[in-house]
Amino acid sequence: MAKWFLRIFAVCAISIFAGTLGISFSKDFFNTMFNVLGIMFSVALGQVLSFSFSSITNEDFVLQHRSQLSKIQNIFILLFSFSAAFFFLSEKEIPIKNINIVKFSANCFFGCFDIFCLVYFIINFIGLVKLKSEIDDLIRKS
């Protein structure tokens with residue numbers, strides 16, 4: 001849980017920094033990112049659901065990795081849900097909050113969150129491929 005607070009804090013900090021620099025994201029960016037994230041979400045969920053542990057006799061390995069896959073699946077669903085909500089909210093004009101020279105823009109936060117989701121999906125794709133290889137190696141050893 002602490003990792004997620006740090007991740008969200010990092011997204012907030014980066015979005016505040018980007019907002020202070022005057023960076024904003026266009027509607028085309030949000031449309032494109034939502035399409036890309038939607039495709040990645042469906043592929044990622046399909047990849048998670050395609051794992052089969054039926055040939056593995058090591059019960060500890062199966063329980064550990066099923067639990068891990070369940071967590072990844074839930075996080076994918078949660079991130080995509082937030083991304084969908086932020087996509088719809090990005091259509092609205094939300095005023096920029098200024099505190100001295102620091103600016104908080106919902107537009108920057110939504111854009112940075114989408115980029116975070118994209119990076120998170122990519123990193124977990126790589127982890128899922130490694131897990132699939134590990135499972136294949138374990139099945140071949142049996």
# chains A, B, ... in the order shown; residues from 1 in each chain; ligands from 1
>>> residues_around(residues="Ala85 of chain A", least_positions_apart="3", cutoff="12 Å", atoms="only C-alpha atoms", output="PyMOL selection string")
chain A and resi 30+34+78-82+88-92+110+113-114
>>> residues_around(residues="Val102 of chain A", least_positions_apart="4", cutoff="8 Å", atoms="only C-alpha atoms", output="JSON, numbers by chain")
{"A": [16, 17, 19, 20, 98]}
>>> residues_around(residues="segment 40-54 of chain A", least_positions_apart="3", cutoff="9 Å", atoms="only C-alpha atoms", output="PyMOL selection string")
chain A and resi 35-37+57+62+66+69-70+72-73+76-77+80+118+121-122+124-125+128-129+132+135
>>> residues_around(residues="Leu21 of chain A", least_positions_apart="5", cutoff="12 Å", atoms="only C-alpha atoms", output="number ranges by chain")
A: 14-16, 101-105, 108
>>> select_by_dssp(residues="segment 13-136 of chain A", states="helix (DSSP H, G or I)", output="PyMOL selection string")
chain A and resi 13-20+27-49+59-89+106-136
